[in-house]
Amino acid sequence: MALLLVISCSHYDQLSKNPVESKSGGRSHNSGENCGKCHNSHNNGEFPGADKWWTVAGTIYASNFSAQKNAVIELYEKTGKQGKLIKRLVSDNNGNFYTNQIIDFNNGCYPVVTVGSNSKMMNQGYIGGSCNSCHGITTASLVVN
């Protein structure tokens with residue numbers, strides 16, 4: 001007699017059923033702050049529930065450091081927009097982008113930010129999703145016109 005055991009990750013199931021992502025025209029808060037500081041699995045205060053844990057989040061600015069609305073943020077498997085497109089997000093009216101969807105960072109992701117015909121990309125793989133934990137702190141803010 002064979003026994004089949006199926007284990008389900010409730011966090012993953014909840015996220016799959018309740019995707020939360022930035023969108024064009026949307027509004028968020030705290031532009032430029034490290035989103036992962038509050039939107040994480042350990043925060044039980046303002047953002048309870050797994051649907052508010054951002055797996056990728058950050059802020060895009062225009063050249064005058066105003067919010068860059070409608071920037072397209074893409075995560076690829078390889079540098080230079082190569083390999084599989086892992087995730088595509090759009091910045092909201094405050095320049096913020098975020099998602100609660102599970103992202104596979106095991107081999108690193110290569111972000112590309114595009115506004116119109118202008119793009120900026122990271123040529124180094126990234127294995128985390130809190131973009132503002134470096135950008136605007138230890139490296140330049142994300143500025144794309």
# chains A, B, ... in the order shown; residues from 1 in each chain; ligands from 1
>>> residues_around(residues="Asp104 of chain A", least_positions_apart="3", cutoff="12 Å", atoms="only C-alpha atoms", output="PyMOL selection string")
chain A and resi 55-56+75-77+84-87+101+107-110+126-129
>>> atom_distance(atom1="atom CA of Tyr61 of chain A", atom2="atom CA of Asn18 of chain A")
28.1 Å
>>> closest_atom_pairs(of="segment 30-89 of chain A", to="segment 133-142 of chain A", cutoff="9 Å", atoms="only C-alpha atoms", output="CSV")
residue,atom,partner,partner_atom,distance
A:Gly32,CA,A:Gly136,CA,7.1
A:Glu33,CA,A:Ser133,CA,7.8
A:Asn34,CA,A:Ser133,CA,5.1
A:Cys35,CA,A:Ser133,CA,8.0
A:Gly36,CA,A:Ser133,CA,7.8
A:Lys37,CA,A:Ser133,CA,8.5
A:Gly58,CA,A:His135,CA,8.4
A:Thr59,CA,A:Leu142,CA,6.8
A:Ile60,CA,A:Leu142,CA,5.1
A:Tyr61,CA,A:Leu142,CA,6.0
A:Ala62,CA,A:Leu142,CA,8.5
A:Phe65,CA,A:Ser141,CA,8.9
>>> residues_around(residues="Ser119 of chain A", least_positions_apart="6", cutoff="10 Å", atoms="only C-alpha atoms", output="ChimeraX atom specification")
/A:71-73,112-113,143-145
>>> select_by_dssp(residues="segment 7-111 of chain A", states="helix (DSSP H, G or I)", output="ChimeraX atom specification")
/A:10-17,35-37,50-52
>>> closest_residue(among="A:Thr99, A:Asn94, A:Asn64, A:Thr79", to="Met122 of chain A", atoms="only C-alpha atoms")
A:Thr79
>>> residues_around(residues="Gly80 of chain A", least_positions_apart="2", cutoff="8 Å", atoms="only C-alpha atoms", output="number ranges by chain")
A: 78, 82, 110, 121, 123
>>> write_last_selection(atoms="N, CA and C atoms", output="tab-separated table (two decimals), in the first residue's frame")
chain	number	residue	atom	x	y	z
A	78	LYS	N	18.96	36.39	-16.75
A	78	LYS	CA	20.34	36.69	-17.15
A	78	LYS	C	20.47	38.17	-17.46
A	82	GLN	N	18.31	38.94	-21.08
A	82	GLN	CA	18.44	37.58	-21.61
A	82	GLN	C	17.77	36.60	-20.66
A	110	TYR	N	18.23	39.81	-12.70
A	110	TYR	CA	18.88	40.94	-13.34
A	110	TYR	C	17.82	41.99	-13.67
A	121	MET	N	19.98	49.03	-16.42
A	121	MET	CA	19.96	47.64	-15.97
A	121	MET	C	21.13	47.35	-15.04
A	123	ASN	N	23.98	44.76	-14.21
A	123	ASN	CA	24.72	43.69	-14.87
A	123	ASN	C	25.19	42.63	-13.89
>>> atom_distance(atom1="atom CA of Lys23 of chain A", atom2="atom CA of Asn70 of chain A")
7.9 Å
>>> closest_residue(among="A:Ala57, A:His39, A:Pro19, A:Lys69", to="Asn93 of chain A", atoms="only C-alpha atoms")
A:Lys69
>>> select_by_dssp(residues="chain A", states="strand (DSSP E)", output="VMD selection string")
chain A and resid 56 to 61 72 to 78 82 to 90 96 to 99 110 to 115 118 to 121 142 to 143
>>> closest_residue(among="A:Tyr98, A:Ser63, A:Glu74, A:Ser31", to="Ser130 of chain A", atoms="only C-alpha atoms")
A:Tyr98
